[in-house]
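Inspection log for the structure reproduced underneath, given as structure tokens.
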Amino acid sequence: MEFAELIKTPRVDNVVLHRPFYPAVEGTLCLTGHHLILSSRQDNTEELWLLHSNIDAIDKRFVGPLGTIIIKCKDFRIIQLDIPGMEECLNIASSIEALSTLDSITLMYPFFYRPMFEVIEDGWHSFLPEQEFELYSSTISEWRLSYVNKEFSVCPSYPPAVIVPKAIDDDALRKVATFRHGGRFPVLSYYHKKNGMVIMRSGQPLTGTNGRRCKEDEKLINATLRAGKRGYIIDTRPLNIAQQARAKGGGFEQEAHYPQWRRIHKSIDRYHILQESLIKLVESCNDQTQNMDRWLSKLEASNWLTHIKEILTTACLAAQCLDREGASILIHGTEGTDSTLQVTSLAQIILEPRSRTIRGFEALIEREWLQAGHPFQQRCAQSAYCNSKQKWESPVFLLFLDCVWQILRQFPCSFEFNENFLIMLFEHAYASQFGTFLGNNESERCKLKLQQKTMSLWSWVNRPSELSKFTNPLFEANNLVIWPSVAPQSLQLWEGIFLRWNRSSKYLDEAYEEMVNIIEYNKELQAKVNLLRRQLAELETEDGVQESP
């Protein structure tokens with residue numbers, strides 16, 4: 001298919017653009033295969049380049065010969081274009097709708113993008129499972145790297161290499177895979193160096209109504225326990241939902257077959273419930289006419305902060321089991337690709353100082369989201385404005401980033417990255433020139449040949465010029481476990497995401513710049529103090545030498 005077939009009117013003059021925090025500007029609107037571009041001849045006017053893949057929905061209005069297109073973006077921005085001529089307006093709207101909903105992944109911009117920067121590091125090879133295993137290898141002698149899934153034949157949503165107990169061979173893993181939803185047998189997610197306890201993750205067991213069991217599964221899970229120790233299974237579904245799953249062939253671990261494990265059910269919502277929550281939240285944030293009572297009522301009705309609280313509470317429970325109870329845990333919901341990954345990731349943020357650094361957090365995203373099979377292509381297909389909702393869209397990753405922001409806000413000196421880093425990840429998960437978040441799992445990315453045909457997000461982010469934008473000036477390495485408060489009073493609306501297009505951040509940006517300047521000045525003064533102390537110590541040493549007989 002040629003993009004030209006979808007572009008009925010490639011260019012329109014005298015289009016007026018309205019967007020947040022900028023004066024209205026008149027210019028020429030151009031449509032390309034991947035971008036909507038508005039360029040003005042006015043001095044000091046920034047061009048608009050908008051990826052079609054960032055467009056969530058459009059509305060059309062007509063007043064006489066003048067047409068208006070309102071573009072609602074996946075990053076929650078709303079842009080208005082006033083276009084002279086009804087036919088031109090209809091043609092532009094039709095083209096935008098077609099270009100923003102392309103069916104084929106290979107027609108998306110990452111396959112056409114060519115970087116204008118020097119590639120210092122190939123991000124596709126920055127966080128391979130082998131490299132991550134090397135970090136642990138000196139301390140986890142009872143674990144091994146298995147390539148049982150190298151052809152994606154055992155589990156289509158797992159990567160080719162996974163970490164499993166050394167006592168379990170590949171044949172046993174294949175048997176366990178037939179007993180777990182989607183073939184997602186239990187694998188190592190995190191090893192707690194402090195006491196050797198682990199977090200594992202998997203899909204639900206396929207026990208069904210007949211109480212089916214798998215001895216290899218029981219052996220695998222028990223292989224992670226130390227002598228005389230108990231473990232915890234954290235099921236992210238409430239008990240009634242887990243029981244209902246048995247009628248569909250799913251289920252949960254029976255106490256009789258897993259006597260050394262205590263099962264805990266938590267209630268983390270998923271799918272359409274989260275999507276509806278996001279739609280309500282964004283709608284209330286965009287309503288500029290409401291009074292205080294109505295705003296608070298709509299914020300509560302969205303349930304967004306309730307979802308944040310449930311996820312953080314479960315992550316804190318998992319971290320507590322490991323660090324304070326000295327117990328290993330297995331985490332799963334139904335598929336093990338959504339709420340499971342939220343909990344395993346956040347538990348590591350709490351427990352592991354490396355996960356709070358920029359590269360450590362990137363490694364976490366790769367290991368616990370991309371390689372672990374979170375279906376980004378499905379979950380992030382649409383955002384808060386699209387009318388044609390499918391059942392698989394859900395802001396699971398955005399909720400995770402929001403939870404990280406809540407912890408960052410409570411521990412502002414313990415993270416090497418800042419809020420802009422999290423916002424950037426949100427934006428690229430929904431629309432990007434990079435191939436990192438394309439596809440639903442490693443198998444799909446392999447078939448699409450993303451490593452050969454697209455650029456990795458990490459190749460761009462990890463350049464020094466970009467890293468400086470995402471580095472937290474307050475960061476001081478903290479090797480302790482950090483325990484966030486999950487009390488309702490401690491959780492706040494993430495203004496940097498949900499209110500950034502509704503009110504200017506000018507004064508906050510100025511305050512941030514001033515803070516950075518003060519910190520830099522403080523470092524200079526500290527360096528001078530250290531220099532003067534060294535000089536004083538040298539002078540005192542010289543005096544002591546001269547006084548000695």
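Following the order of the structure tokens, chains are lettered A, B, ..., residues in each are numbered from 1, and ligands are numbered from 1.
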For range 345-387 of chain A against range 190-203 of chain A, with a cut-off of 8 Å and counting only C-alpha atoms, what is the closest atom pair and its distance in Å to one decimal for every residue that makes the cut, ordered by chain and number, as CSV?
```
residue,atom,partner,partner_atom,distance
A:Gln348,CA,A:Tyr190,CA,7.2
A:Leu351,CA,A:His192,CA,7.9
A:Glu352,CA,A:His192,CA,8.0
```
Using all heavy atoms, can you export the residues from the last selection as a PDB file, in the first residue's frame?
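Contents of again-v6.pdb, as written:
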```
ATOM      1  N   GLN A 348      10.844  -4.485  43.154  1.00  0.00           N
ATOM      2  CA  GLN A 348      12.278  -4.286  42.917  1.00  0.00           C
ATOM      3  C   GLN A 348      12.691  -2.823  43.102  1.00  0.00           C
ATOM      4  O   GLN A 348      13.791  -2.539  43.570  1.00  0.00           O
ATOM      5  CB  GLN A 348      12.640  -4.783  41.512  1.00  0.00           C
ATOM      6  CG  GLN A 348      12.539  -6.300  41.403  1.00  0.00           C
ATOM      7  CD  GLN A 348      12.797  -6.820  40.007  1.00  0.00           C
ATOM      8  OE1 GLN A 348      13.868  -6.613  39.451  1.00  0.00           O
ATOM      9  NE2 GLN A 348      11.820  -7.508  39.438  1.00  0.00           N
ATOM     10  N   LEU A 351      13.101  -2.557  46.809  1.00  0.00           N
ATOM     11  CA  LEU A 351      14.165  -3.360  47.418  1.00  0.00           C
ATOM     12  C   LEU A 351      15.556  -3.096  46.844  1.00  0.00           C
ATOM     13  O   LEU A 351      16.554  -3.188  47.576  1.00  0.00           O
ATOM     14  CB  LEU A 351      13.850  -4.849  47.233  1.00  0.00           C
ATOM     15  CG  LEU A 351      12.620  -5.401  47.956  1.00  0.00           C
ATOM     16  CD1 LEU A 351      12.285  -6.792  47.422  1.00  0.00           C
ATOM     17  CD2 LEU A 351      12.855  -5.460  49.463  1.00  0.00           C
ATOM     18  N   GLU A 352      15.636  -2.819  45.557  1.00  0.00           N
ATOM     19  CA  GLU A 352      16.913  -2.873  44.838  1.00  0.00           C
ATOM     20  C   GLU A 352      17.385  -1.474  44.420  1.00  0.00           C
ATOM     21  O   GLU A 352      16.797  -0.855  43.531  1.00  0.00           O
ATOM     22  CB  GLU A 352      16.739  -3.765  43.593  1.00  0.00           C
ATOM     23  CG  GLU A 352      17.925  -3.817  42.672  1.00  0.00           C
ATOM     24  CD  GLU A 352      19.178  -4.341  43.353  1.00  0.00           C
ATOM     25  OE1 GLU A 352      19.174  -5.493  43.813  1.00  0.00           O
ATOM     26  OE2 GLU A 352      20.153  -3.578  43.416  1.00  0.00           O
TER      27      GLU A 352
END
```
With only C-alpha atoms counted and 12 Å as the cut-off, give the residues of range 268-350 of chain A in contact with range 162-180 of chain A, each with its shortest interatomic distance in Å and the pair that gives it, as a tab-separated table.
```
residue	atom	partner	partner_atom	distance
A:His332	CA	A:Arg180	CA	10.3
A:Gly333	CA	A:Arg180	CA	11.2
A:Thr334	CA	A:Arg180	CA	9.6
A:Glu335	CA	A:Arg180	CA	8.8
A:Gly336	CA	A:Arg180	CA	9.9
```
List as a PDB file with C-alpha atoms, in the first residue's frame the protein and nucleic acid residues near Leu422 in chain A, meaning an atom at most 8 Å away when only C-alpha atoms are counted, but skip any in the same chain fewer than 3 places from it.
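Listing of part-v4.pdb after writing:
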```
ATOM      1  CA  LEU A 401       4.866   4.642  35.880  1.00  0.00           C
ATOM      2  CA  TRP A 405       6.298   8.632  40.395  1.00  0.00           C
ATOM      3  CA  ASN A 418      13.548  12.576  37.320  1.00  0.00           C
ATOM      4  CA  GLU A 419       9.869  12.907  36.438  1.00  0.00           C
ATOM      5  CA  LEU A 425       8.634   6.502  28.676  1.00  0.00           C
ATOM      6  CA  PHE A 426       4.859   7.023  28.739  1.00  0.00           C
TER       7      PHE A 426
END
```
message = Could you go through range 183-298 of chain A and tell me which residues DSSP, when run on the backbone, assigns to helix (DSSP H, G or I), listing them as a PyMOL selection string?
response = chain A and resi 183+215-222+239-246+272-286+292-298
task = For each of A:Phe417, A:Phe76, A:Trp261, A:Tyr430, take the minimum atom-to-atom distance to Ala327 in chain A, counting only C-alpha atoms, then give the residue where this is smallest.
result = A:Trp261
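Each of A:Leu491, A:Ala315, A:Ile358, A:Leu128 was compared to Asn472 in chain A using only C-alpha atoms, and A:Ile358 turns out to be the nearest.
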